[in-house]
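Structure first, then comments.
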2 protein chains.
Amino acid sequence: MEKIIDSIKNKLRENDLRLTSQRQAILQILLEYRHAHLSVEELYNIAHEHYPELGIATVYRTLDTFVELGIVHKMEFGDKGARYELNVDDGQHYHHHLFCISCGTIIEFNDDLLEKLEERIINESKFLIKDHSLRFYGLCYECQQKGIE
Amino acid sequence: MEKIIDSIKNKLRENDLRLTSQRQAILQILLEYRHAHLSVEELYNIAHEHYPELGIATVYRTLDTFVELGIVHKMEFGDKGARYELNVDDGQHYHHHLFCISCGTIIEFNDDLLEKLEERIINESKFLIKDHSLRFYGLCYECQQKGIE
DNA sequence: TTGGGTGCAAACGGTTTGCAAGTAC
DNA sequence: GTACTTGCAAACCGTTTGCACCCAA
């Protein structure tokens, strides 16, 4: 745990960025809600309880900074707000997501299958892959039980 | 070709929707630019040349309607506008996309690998999959040649 | 001390909506 | 004629930005 915070402090220092109380607070929340895939507004509301002066612009700017540093992963949604999560495992074997279209639950799952596919793409299209995103949309078990279709 | 238009007319009729000149014009453009992955604004600008009175709200509403009918596929982007394309093959073997992060080119590729993965997800998580989205982000061959990293 | 960081409020840009007028059926 | 559609402009909402003040190093 302490390792994560230290490594982040180092990354900030290396980039001439300052460890402000706002950045610490946001980091704290990202650690605490590690599997919650927080939206900006959710994070802002949580932070607000202990840090009422914090502005939402700062949340946006801080998250952008963290994404740039590779500390945080941003998940884009169509027009609805983006969601963020800590980038725990150094970019290796990044997990993917199942999005429940009824209740909004996000379930994580791991997969190695994509590597074969990446090789094929590189060979067939000469496309240089830097990142990928795989999502499945559907209904989580709970919503199915409720009879939602 | 005519088949597509007829099947769409039928779908409209079945749903008590009217075949207005605006819907026809938009359909025409979607057919003509079938592999262009048009944004709303691009489509609106093209339509405007021959149909200056057309409002952008109508473009949005028409595309929504077409998506609902399964005629059109919507690709969401983070905050940047969505893109649309005709849903030619009846939902079978839908192709995926390579997004060039430098020039914005979108390259299509087909894949069947995902079916195995879907099976695994259904077994392991009881999640009912309705749709999926697989994207690779990187550099197309032309941008690599320009020395962009 | 000083340049990066913050809070505020206004601006932005894609998308949606209310409403009166238009038109396919 | 009736209900679905449309055009317009205003509203929306997540996000960004300009600017004066603040504070970490």
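The way I read the labels, and the way they are meant: chains A, B, ... in the order of the structure tokens, residue 1 as the first residue of every chain, and ligand 1 as the first ligand shown, with later ones counted on from there.
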(request) Pick out the chain A residues within 10 Å of chain D. Count only C-alpha atoms (C1' of nucleotides). Give them as a list in words. (result)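 In the required form, that comes to Asp16, Leu17, Arg18, Leu19, Thr20, Ser21, Val40, Glu41, Ala57, Tyr60, Arg61, Asp79, Lys80, Gly81 and Ala82 of chain A.
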(message) Could you tell me which residues of chain B sit within 8 Å of chain A when counting only C-alpha atoms, and give me the result as a VMD selection string?
(response) chain B and resid 76 to 82 98 113 117 125 to 141 144
May I have the selected residues written with N, CA and C atoms, as an mmCIF file, in the first residue's frame?
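Final output, saved to selection_22.cif:
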data_model
loop_
_atom_site.group_PDB
_atom_site.id
_atom_site.type_symbol
_atom_site.label_atom_id
_atom_site.label_comp_id
_atom_site.auth_asym_id
_atom_site.auth_seq_id
_atom_site.Cartn_x
_atom_site.Cartn_y
_atom_site.Cartn_z
ATOM 1 N N GLU B 76 -19.667 5.091 -29.750
ATOM 2 C CA GLU B 76 -19.502 6.175 -28.787
ATOM 3 C C GLU B 76 -18.029 6.525 -28.630
ATOM 4 N N PHE B 77 -17.770 7.796 -28.453
ATOM 5 C CA PHE B 77 -16.422 8.246 -28.152
ATOM 6 C C PHE B 77 -16.475 9.045 -26.865
ATOM 7 N N GLY B 78 -15.359 9.123 -26.173
ATOM 8 C CA GLY B 78 -15.328 9.943 -24.972
ATOM 9 C C GLY B 78 -15.530 11.381 -25.349
ATOM 10 N N ASP B 79 -16.496 12.011 -24.757
ATOM 11 C CA ASP B 79 -16.900 13.405 -24.968
ATOM 12 C C ASP B 79 -16.912 13.859 -26.438
ATOM 13 N N LYS B 80 -15.914 13.475 -27.246
ATOM 14 C CA LYS B 80 -16.012 13.798 -28.668
ATOM 15 C C LYS B 80 -17.269 13.139 -29.223
ATOM 16 N N GLY B 81 -17.799 13.678 -30.300
ATOM 17 C CA GLY B 81 -19.074 13.191 -30.816
ATOM 18 C C GLY B 81 -19.065 11.737 -31.243
ATOM 19 N N ALA B 82 -20.227 11.110 -31.202
ATOM 20 C CA ALA B 82 -20.378 9.727 -31.636
ATOM 21 C C ALA B 82 -20.269 9.639 -33.161
ATOM 22 N N LEU B 98 -10.015 -0.353 -35.560
ATOM 23 C CA LEU B 98 -8.711 0.144 -35.135
ATOM 24 C C LEU B 98 -8.747 1.669 -35.266
ATOM 25 N N LEU B 113 -12.927 -14.562 -32.764
ATOM 26 C CA LEU B 113 -12.310 -15.023 -31.539
ATOM 27 C C LEU B 113 -13.190 -14.766 -30.317
ATOM 28 N N LEU B 117 -14.688 -16.339 -25.964
ATOM 29 C CA LEU B 117 -14.587 -15.540 -24.755
ATOM 30 C C LEU B 117 -15.973 -15.303 -24.154
ATOM 31 N N SER B 125 -19.425 -15.811 -14.994
ATOM 32 C CA SER B 125 -19.991 -14.661 -14.281
ATOM 33 C C SER B 125 -21.505 -14.577 -14.359
ATOM 34 N N LYS B 126 -22.135 -15.505 -15.091
ATOM 35 C CA LYS B 126 -23.591 -15.468 -15.257
ATOM 36 C C LYS B 126 -24.083 -14.159 -15.865
ATOM 37 N N PHE B 127 -23.204 -13.477 -16.518
ATOM 38 C CA PHE B 127 -23.564 -12.211 -17.146
ATOM 39 C C PHE B 127 -24.184 -12.512 -18.510
ATOM 40 N N LEU B 128 -25.344 -11.896 -18.805
ATOM 41 C CA LEU B 128 -26.004 -12.121 -20.090
ATOM 42 C C LEU B 128 -25.528 -11.084 -21.097
ATOM 43 N N ILE B 129 -24.753 -11.512 -22.078
ATOM 44 C CA ILE B 129 -24.150 -10.573 -23.022
ATOM 45 C C ILE B 129 -25.122 -10.231 -24.146
ATOM 46 N N LYS B 130 -25.301 -8.933 -24.340
ATOM 47 C CA LYS B 130 -26.197 -8.469 -25.410
ATOM 48 C C LYS B 130 -25.415 -7.816 -26.546
ATOM 49 N N ASP B 131 -24.279 -7.253 -26.224
ATOM 50 C CA ASP B 131 -23.490 -6.566 -27.243
ATOM 51 C C ASP B 131 -22.052 -6.484 -26.745
ATOM 52 N N HIS B 132 -21.123 -6.266 -27.670
ATOM 53 C CA HIS B 132 -19.760 -6.044 -27.225
ATOM 54 C C HIS B 132 -19.062 -5.021 -28.102
ATOM 55 N N SER B 133 -17.983 -4.502 -27.591
ATOM 56 C CA SER B 133 -17.221 -3.491 -28.311
ATOM 57 C C SER B 133 -15.746 -3.749 -28.093
ATOM 58 N N LEU B 134 -15.039 -3.938 -29.168
ATOM 59 C CA LEU B 134 -13.598 -4.192 -29.081
ATOM 60 C C LEU B 134 -12.885 -3.177 -29.945
ATOM 61 N N ARG B 135 -11.987 -2.428 -29.342
ATOM 62 C CA ARG B 135 -11.268 -1.403 -30.092
ATOM 63 C C ARG B 135 -9.787 -1.476 -29.788
ATOM 64 N N PHE B 136 -9.002 -1.260 -30.801
ATOM 65 C CA PHE B 136 -7.561 -1.128 -30.616
ATOM 66 C C PHE B 136 -7.180 0.293 -30.974
ATOM 67 N N TYR B 137 -6.410 0.928 -30.098
ATOM 68 C CA TYR B 137 -5.950 2.279 -30.356
ATOM 69 C C TYR B 137 -4.461 2.233 -30.658
ATOM 70 N N GLY B 138 -4.035 2.988 -31.639
ATOM 71 C CA GLY B 138 -2.625 2.993 -31.978
ATOM 72 C C GLY B 138 -2.358 3.873 -33.177
ATOM 73 N N LEU B 139 -1.385 3.474 -33.989
ATOM 74 C CA LEU B 139 -1.003 4.286 -35.145
ATOM 75 C C LEU B 139 -1.183 3.485 -36.425
ATOM 76 N N CYS B 140 -1.847 4.089 -37.395
ATOM 77 C CA CYS B 140 -1.990 3.432 -38.686
ATOM 78 C C CYS B 140 -0.646 3.481 -39.416
ATOM 79 N N TYR B 141 -0.539 2.703 -40.467
ATOM 80 C CA TYR B 141 0.742 2.570 -41.159
ATOM 81 C C TYR B 141 1.263 3.921 -41.638
ATOM 82 N N GLN B 144 2.775 5.940 -38.841
ATOM 83 C CA GLN B 144 4.062 5.375 -38.444
ATOM 84 C C GLN B 144 5.160 5.837 -39.408
#
(message) Using only C-alpha atoms (C1' of nucleotides), I'd like every residue of chain C that has an atom within 8 Å of chain B; please write them out as an NGL selection string.
(response) :C and (14-15 or 24)
For N, CA, C and O atoms (P, O5', C5', C4', C3', O3' and C1' of nucleotides), I'd like the residues from the last selection saved as a compact mmCIF listing (two decimals), in the first residue's frame.
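Saved file again.txt follows:
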# COMPACT_ATOMS: atom_id res chain seq x y z
P DG C 14 -18.72 19.77 -31.07
O5' DG C 14 -19.58 18.48 -30.69
C5' DG C 14 -19.06 17.53 -29.78
C4' DG C 14 -20.20 16.89 -29.02
C3' DG C 14 -21.32 16.35 -29.90
O3' DG C 14 -21.68 15.07 -29.43
C1' DG C 14 -22.20 17.85 -28.31
P DT C 15 -22.78 14.20 -30.16
O5' DT C 15 -24.08 14.58 -29.31
C5' DT C 15 -24.11 14.22 -27.95
C4' DT C 15 -25.40 14.69 -27.32
C3' DT C 15 -26.67 14.20 -28.03
O3' DT C 15 -27.39 13.41 -27.09
C1' DT C 15 -26.80 16.51 -27.46
P DA C 24 -44.95 14.56 -46.78
O5' DA C 24 -45.08 13.02 -46.38
C5' DA C 24 -44.27 12.49 -45.34
C4' DA C 24 -44.98 11.34 -44.66
C3' DA C 24 -45.59 10.31 -45.59
O3' DA C 24 -45.39 9.02 -44.99
C1' DA C 24 -47.31 11.30 -44.28
(request) Measure the distance from CA of Asn110 (chain A) to CA of Thr65 (chain A) in Å and round it to one decimal. (result)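 Going from CA of Asn110 (chain A) over to CA of Thr65 (chain A), I get 26.4 Å.
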(message) Give me, as a PyMOL selection string, all polymer residues having an atom no more than 8 Å from Tyr44 (chain B), counting only C-alpha atoms (C1' of nucleotides) and skipping those fewer than 3 positions away in the same chain.
(response) chain B and resi 40-41+47-48+54+56+59
(message) I need the residues of region 19-118 of chain B that end up classed as helix (DSSP H, G or I) by DSSP on the backbone, written out as a PyMOL selection string.
(response) chain B and resi 21-32+40-50+56-68+114-118
(request) Any chance you could list, as a ChimeraX atom specification, the residues in region 13-147 of chain A that come up strand (DSSP E or B) when DSSP is run on the backbone? (result) /A:38-39,72-75,78,83-86,96-100,106-109,128-139
(request) Tell me, as a PyMOL selection string, which residues lie within 9 Å of Arg23 (chain A), counting only C-alpha atoms (C1' of nucleotides); anything in the same chain fewer than 6 positions away does not count. (result) chain A and resi 58-59+62-63
Mind dumping the selected residues with N, CA, C and O atoms as a PDB file, in the first residue's frame?
ATOM      1  N   THR A  58     -10.624  21.191 -10.140  1.00  0.00           N
ATOM      2  CA  THR A  58      -9.405  20.576  -9.617  1.00  0.00           C
ATOM      3  C   THR A  58      -9.467  19.059  -9.745  1.00  0.00           C
ATOM      4  O   THR A  58      -8.466  18.411 -10.051  1.00  0.00           O
ATOM      5  N   VAL A  59     -10.662  18.492  -9.514  1.00  0.00           N
ATOM      6  CA  VAL A  59     -10.809  17.051  -9.674  1.00  0.00           C
ATOM      7  C   VAL A  59     -10.509  16.655 -11.117  1.00  0.00           C
ATOM      8  O   VAL A  59      -9.734  15.725 -11.365  1.00  0.00           O
ATOM      9  N   THR A  62      -6.737  17.140 -11.764  1.00  0.00           N
ATOM     10  CA  THR A  62      -5.930  16.144 -11.058  1.00  0.00           C
ATOM     11  C   THR A  62      -6.026  14.782 -11.745  1.00  0.00           C
ATOM     12  O   THR A  62      -5.009  14.107 -11.960  1.00  0.00           O
ATOM     13  N   LEU A  63      -7.236  14.397 -12.113  1.00  0.00           N
ATOM     14  CA  LEU A  63      -7.402  13.103 -12.771  1.00  0.00           C
ATOM     15  C   LEU A  63      -6.673  13.092 -14.108  1.00  0.00           C
ATOM     16  O   LEU A  63      -6.014  12.108 -14.463  1.00  0.00           O
TER      17      LEU A  63
END
(message) Taking 5 positions as the minimum chain separation for residues in the same chain, which residues sit within 12 Å of Asn15 (chain A) when counting only C-alpha atoms (C1' of nucleotides)? Answer as an NGL selection string.
(response) (:A and (8-10 or 65-66 or 68-69)) or (:C and (4))
